[in-house]
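J.: Before anything else, here's the structure in question.
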Protein chains: 2
Amino acid sequence: MAAAAANGAGGGGGVPRPTNPMVTPLLTDLYQFTMAYAYWKAGKHLDRAVFDLYFRKNPFGGEFTIFGGLEECIRFIANFKLTDTEIIFLRSAMPTCEDGFFEYLSSIDCSDVAVYAIPEGSVVFPKVPLMIIEGPVAVIQLLETPFLSLVNYASLVTTNAARHRLVAGKPKNLLEFGLRRAQGPDGGISASRYCYMGGFDATSNVAAGRLFGIPIRGTHSHAFVSSFMGLDDIIDRTLASSDGSNKCEDFVSLVQNWLARIKDAGSLRGTFRETNLSELAAFTSYALAFPNSFLALVDTYDVMRSGVPNFCAVALALNDMGYKAAGIRLDSGDLAYLSVETRKFFRAIEEEFGFIGFGKMNITASNDLNEETIDALNKQVSVSAKLYDFIHFLWLNEAPVGELQ
Amino acid sequence: MAAAAANGAGGGGGVPRPTNPMVTPLLTDLYQFTMAYAYWKAGKHLDRAVFDLYFRKNPFGGEFTIFGGLEECIRFIANFKLTDTEIIFLRSAMPTCEDGFFEYLSSIDCSDVAVYAIPEGSVVFPKVPLMIIEGPVAVIQLLETPFLSLVNYASLVTTNAARHRLVAGKPKNLLEFGLRRAQGPDGGISASRYCYMGGFDATSNVAAGRLFGIPIRGTHSHAFVSSFMGLDDIIDRTLASSDGSNKCEDFVSLVQNWLARIKDAGSLRGTFRETNLSELAAFTSYALAFPNSFLALVDTYDVMRSGVPNFCAVALALNDMGYKAAGIRLDSGDLAYLSVETRKFFRAIEEEFGFIGFGKMNITASNDLNEETIDALNKQVSVSAKLYDFIHFLWLNEAPVGELQ
């Protein structure tokens, strides 16, 4: 995994700073500072203390937890140092405290703190310490909240991702697409990182891809489909073949020809009438932009009567030019039923046009998938249907799902 | 509210950058960039588009939503500019895209984007646009995910806080203490900010206090109480009186004397025997550090047989020196029952020792409070009991609650 670069190089013996620049010694509960003052006032602040970081119950009603967040904790303590402006703020927040305390605070780092930990990514269980933190009691106290903040969510996401991997099975692609529903920007970036750690294959989050070297994936949304009025929207209609040997001057016409042929093909005749032409324009336009990785979202209008036939027309036209389409994405409706029907359609295309392999075209499912729905999909859809899963994480069940449409 | 300072001054006509430095143009789903490329390839990228940001359902089974997150959206677009290194990353992530697209990307800002919005903090309803965003379709597309990431969680937290305020009633103090349970550091900082916007009084989060000028609160935890062995731990036992006119050389003995007097007081005799002396040491030590704001967590050992009597002894000793104790915090057990019993104890102290007002001492409740438990507490506890609420936000019901103990 690539080293995170958002927060620059650290000063802690070469250990980089925490990925999120907002992770500072002030990212803690005030009572950690008031307790530190009380320890200092009692002359106890340098007493050695040992704190265990553990949890009481496995999450998600499960039997295990995956430990995440250790690297960020290490980055945090390796660079722990209160700045002058942070000290000034603390003085204003704790006006009755003596000057000597703030002098002490500005002097501390974590050079005399020892952390013993289970390796990040390990399977862990309740009541067994994940980390044992040893050092001066006043310093250890200041670490409690940031450590919990860095470990709790990381472990939850890693565990959740591993559970999804277990029900999905090894061969499935699991993609995380939760940025818009996470607890703000860092919630999303952390979710992408720890989903990958827990067994996902890729994320939609570009920033997380850059920070952590996670593969990123994405194609288009419903808004893209509905932004087209019709085929006249497409101005540049040329497409060079995959090997560069020839050029199609009017790829739009090639697509239209294929759509007409599909409509007339024996076993498909009557399964659909007129498809939506703005959708066809969007698909064609997207294929012209990404001929090597054409993946279409087929449920903007009607999956079986428009989306799938339109996709097949574009995929067959691409094939004429030496390109292989990447597949479709289903984002609504009865995902199991639609994937089975789509698979049948793809197989009919394979037979009608002698297109070897078209029947095995990828199908990706998305929209509020969870362990239960993935398990149900796996059971309803035969292995040969080869359903791929595309996960939206919805952390808050009753979230108002704002969408730009 | 003080201007946020974490991310420095911005370049967008004096509008500061987003509070979280991780909020960059890359904080978006990859498909926004692939769609932007497809628009560009089709020559449609400069087409004017209008997107509505709205939601479909009020959260928490309620009838309203409070709109939050607008300021951060404005900061984001006012400073929107892809850096050279971000462009290099995008080139590597989209290797088949033409050079001209990346030249276009590096040229764009949001100077030709118009945002029409309902004021932040307004009560809003489903299907009514919170924001209308107008501009070149390729640019607007890139804004979708960051806007949703900045608005969804902000609106959820603000709404949740407002709902808590409604059930708690106006006179209660509502304090937010959710950092350790939020979705990572920024989830916690945002929660503090938007809880305050939604009607909370203060937060425990020091970083949020500094960034947004939110009042911060905090006293001590169970770990502090259990870190003391006994009264011998206290080395410096002197306490100057509030007005500076005299000095108590042995405040510990003063506390012990008061504890003996309480034990022998007529109406309290027999209600408790020996209190826990390490707890008494912790309380005394904390009072020596914060004589003006002594608030004790009384449930480490036994609320009625140790915590409350120990608190009263320290509070009465402080009173001798001209200080007024701030109250107690209950963090476990039957909060309604314990607060009623504690109130009775406080009233008995008032009567036995003629201490006017002691019966009205503040009681704060904490630990997994939510709308239902606050409502139940309000109903069970008479108004004169004056229960104050202290909220832990637990966003994930099945979170493994790691605690350093």
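Just remember, in the structure tokens the first chain shown is A, the second B, etc., residues are 1-based per chain, and ligands are 1-based in the order shown.
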So that I can check the surroundings of Tyr31 (chain B), please list as a list in words every protein, DNA and RNA residue that reaches within 7 Å of it, counting only C-alpha atoms and ignoring chain neighbours fewer than 3 positions away.

T.: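 What passes the distance filter is Gly218, Thr219 and His220 of chain A; Thr34 and Met35 of chain B.
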
J.: Export C-alpha atoms of the chosen residues as a short mmCIF file (atom, residue, chain, number, x, y, z; two decimals), in the first residue's frame?

T.:
```cif
data_model
loop_
_atom_site.label_atom_id
_atom_site.label_comp_id
_atom_site.auth_asym_id
_atom_site.auth_seq_id
_atom_site.Cartn_x
_atom_site.Cartn_y
_atom_site.Cartn_z
CA GLY A 218 -16.45 4.05 -11.70
CA THR A 219 -18.49 4.52 -14.85
CA HIS A 220 -21.55 6.76 -15.04
CA THR B 34 -15.24 9.45 -16.26
CA MET B 35 -18.56 11.18 -16.99
#
```

J.: Using only C-alpha atoms, which residues sit within 8 Å of Cys312 (chain B) once same-chain residues fewer than 3 positions away are excluded, as JSON, numbers by chain?

T.: {"B": [259, 308, 309, 315, 316, 346, 349]}

J.: Output C-alpha atoms of each residue in that selection to a file, as a compact mmCIF listing (two decimals), in the first residue's frame.

T.:
```txt
# COMPACT_ATOMS: atom_id res chain seq x y z
CA LEU B 259 -17.43 13.22 55.70
CA VAL B 308 -22.57 10.96 46.51
CA PRO B 309 -21.40 11.13 50.17
CA ALA B 315 -18.40 20.18 48.21
CA LEU B 316 -18.93 21.22 51.85
CA PHE B 346 -28.64 16.82 48.52
CA ILE B 349 -27.50 18.06 53.33
```

J.: Env of Leu239 (chain B): 10 Å cut, atoms = only C-alpha atoms, seq-sep filter 2 positions within chain, self excluded. Answer as a PDB file with C-alpha atoms, in the first residue's frame.

T.:
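The file below, around24.pdb, is the result:
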```pdb
ATOM      1  CA  ASP B 236       0.122  19.287  48.121  1.00  0.00           C
ATOM      2  CA  ARG B 237      -2.905  19.659  50.419  1.00  0.00           C
ATOM      3  CA  SER B 241      -9.775  30.564  49.772  1.00  0.00           C
ATOM      4  CA  SER B 242     -11.776  31.930  46.877  1.00  0.00           C
ATOM      5  CA  GLY B 244      -7.542  34.923  48.719  1.00  0.00           C
ATOM      6  CA  ASN B 246      -6.937  32.806  53.951  1.00  0.00           C
ATOM      7  CA  LYS B 247      -5.402  29.440  53.236  1.00  0.00           C
ATOM      8  CA  CYS B 248      -6.308  25.918  54.324  1.00  0.00           C
ATOM      9  CA  GLU B 249      -3.077  24.010  55.032  1.00  0.00           C
ATOM     10  CA  ASP B 250      -4.739  20.585  55.025  1.00  0.00           C
ATOM     11  CA  PHE B 251      -7.749  20.492  52.755  1.00  0.00           C
ATOM     12  CA  VAL B 252      -7.742  16.668  52.956  1.00  0.00           C
ATOM     13  CA  ALA B 287     -11.257  19.828  43.738  1.00  0.00           C
ATOM     14  CA  LEU B 288      -7.775  21.097  44.593  1.00  0.00           C
ATOM     15  CA  ALA B 289      -7.108  21.450  40.857  1.00  0.00           C
ATOM     16  CA  PRO B 291     -12.015  24.461  43.132  1.00  0.00           C
ATOM     17  CA  LEU B 318     -14.970  23.730  49.248  1.00  0.00           C
ATOM     18  CA  MET B 321     -13.179  28.043  51.433  1.00  0.00           C
TER      19      MET B 321
END
```

J.: Pick the closest to chain A from B:Leu53, B:Ala325, B:Met197, B:Met361: which is it, counting only C-alpha atoms?

T.: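 Of the candidates, the smallest distance to chain A is held by B:Leu53.
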
J.: Just the helix (DSSP H, G or I) stuff from region 41-265 of chain A, please, per backbone DSSP, written as a PyMOL selection string.

T.: chain A and resi 41+70-78+84-93+99-107+137-168+179-181+184-198+206-212+222-226+231-233+251-264

J.: Hey, can you spit out that residue selection with C-alpha atoms as a compact mmCIF listing (two decimals), in the first residue's frame?

T.:
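Final output, selection.txt:
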```
# COMPACT_ATOMS: atom_id res chain seq x y z
CA LYS A 41 -1.45 19.45 40.49
CA LEU A 70 -3.06 0.86 14.52
CA GLU A 71 -0.93 2.56 11.87
CA GLU A 72 -2.72 5.87 12.42
CA CYS A 73 -2.26 5.56 16.20
CA ILE A 74 1.48 5.05 15.71
CA ARG A 75 1.66 8.03 13.35
CA PHE A 76 -0.19 10.06 15.96
CA ILE A 77 2.08 9.33 18.91
CA ALA A 78 5.27 9.48 16.83
CA ASP A 84 2.30 27.19 20.66
CA THR A 85 -1.08 28.22 19.26
CA GLU A 86 -2.65 25.06 20.65
CA ILE A 87 -1.20 25.89 24.08
CA ILE A 88 -2.62 29.41 23.81
CA PHE A 89 -6.04 27.96 23.07
CA LEU A 90 -5.81 25.57 26.03
CA ARG A 91 -4.84 28.44 28.33
CA SER A 92 -7.97 30.31 27.28
CA ALA A 93 -10.09 27.18 27.75
CA ASP A 99 1.35 28.45 34.17
CA GLY A 100 3.57 25.53 35.13
CA PHE A 101 1.02 23.10 33.72
CA PHE A 102 1.11 24.69 30.29
CA GLU A 103 4.90 24.66 30.38
CA TYR A 104 4.68 20.96 31.15
CA LEU A 105 2.16 20.42 28.33
CA SER A 106 4.34 22.17 25.78
CA SER A 107 7.26 19.95 26.79
CA VAL A 137 -0.34 8.81 33.37
CA ALA A 138 -1.01 12.40 32.23
CA VAL A 139 0.26 11.65 28.71
CA ILE A 140 -1.56 8.33 28.39
CA GLN A 141 -4.75 10.06 29.45
CA LEU A 142 -4.44 12.51 26.53
CA LEU A 143 -4.13 9.59 24.09
CA GLU A 144 -7.35 7.82 25.09
CA THR A 145 -9.86 9.69 22.92
CA PRO A 146 -7.77 9.97 19.74
CA PHE A 147 -6.85 6.28 19.97
CA LEU A 148 -10.51 5.31 20.35
CA SER A 149 -11.47 7.63 17.51
CA LEU A 150 -8.82 6.08 15.26
CA VAL A 151 -9.45 2.44 16.24
CA ASN A 152 -13.22 2.13 16.77
CA TYR A 153 -14.43 3.16 13.33
CA ALA A 154 -11.48 1.53 11.55
CA SER A 155 -12.17 -1.80 13.24
CA LEU A 156 -15.90 -1.56 12.57
CA VAL A 157 -15.40 -0.94 8.85
CA THR A 158 -12.71 -3.60 8.47
CA THR A 159 -14.92 -6.12 10.26
CA ASN A 160 -17.95 -5.17 8.20
CA ALA A 161 -15.99 -5.52 4.96
CA ALA A 162 -14.64 -8.92 5.99
CA ARG A 163 -18.17 -10.09 6.79
CA HIS A 164 -19.34 -8.96 3.33
CA ARG A 165 -16.43 -10.84 1.76
CA LEU A 166 -17.39 -13.98 3.68
CA VAL A 167 -20.98 -13.99 2.44
CA ALA A 168 -20.12 -12.86 -1.09
CA LEU A 179 -18.45 8.38 0.20
CA ARG A 180 -21.71 10.29 -0.09
CA ARG A 181 -23.30 8.42 2.79
CA GLY A 184 -18.38 13.44 6.29
CA PRO A 185 -15.24 13.47 4.17
CA ASP A 186 -12.90 11.63 6.52
CA GLY A 187 -15.59 9.07 7.37
CA GLY A 188 -15.70 8.30 3.65
CA ILE A 189 -11.95 8.19 3.14
CA SER A 190 -11.49 5.93 6.17
CA ALA A 191 -14.34 3.69 4.99
CA SER A 192 -12.61 3.20 1.63
CA ARG A 193 -9.29 2.41 3.27
CA TYR A 194 -10.58 -0.07 5.82
CA CYS A 195 -13.00 -1.75 3.40
CA TYR A 196 -9.97 -2.52 1.26
CA MET A 197 -8.16 -3.82 4.32
CA GLY A 198 -11.17 -6.01 5.13
CA VAL A 206 -10.57 9.01 -5.90
CA ALA A 207 -8.93 10.68 -2.89
CA ALA A 208 -8.71 7.36 -1.04
CA GLY A 209 -7.26 5.74 -4.16
CA ARG A 210 -4.57 8.35 -4.29
CA LEU A 211 -3.78 8.31 -0.56
CA PHE A 212 -3.65 4.55 -0.08
CA HIS A 222 -28.41 8.17 -14.05
CA ALA A 223 -27.74 11.90 -14.37
CA PHE A 224 -25.39 11.19 -17.26
CA VAL A 225 -28.05 9.15 -19.05
CA SER A 226 -30.71 11.79 -18.62
CA LEU A 231 -28.43 10.82 -30.85
CA ASP A 232 -28.07 14.30 -32.38
CA ASP A 233 -26.20 15.30 -29.20
CA PHE A 251 -20.19 4.81 -34.91
CA VAL A 252 -23.72 6.03 -34.10
CA SER A 253 -25.08 4.43 -37.28
CA LEU A 254 -23.21 1.24 -36.51
CA VAL A 255 -24.95 1.12 -33.12
CA GLN A 256 -28.34 1.81 -34.72
CA ASN A 257 -27.81 -0.99 -37.22
CA TRP A 258 -27.01 -3.43 -34.44
CA LEU A 259 -30.09 -2.37 -32.48
CA ALA A 260 -32.27 -3.09 -35.53
CA ARG A 261 -30.63 -6.51 -35.97
CA ILE A 262 -31.19 -7.41 -32.31
CA LYS A 263 -34.84 -6.39 -32.56
CA ASP A 264 -35.32 -8.71 -35.51
```

J.: Counting only C-alpha atoms, which of A:Val113, A:Thr284, A:Gly169, A:Gly327 gets nearest to chain B?

T.: A:Thr284

J.: Counting only C-alpha atoms, which residue out of A:Phe290, A:Phe311, A:Phe177, A:Tyr301 sits closest to Tyr37 (chain B)?

T.: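 Closest to Tyr37 (chain B) of all the choices is A:Phe290.
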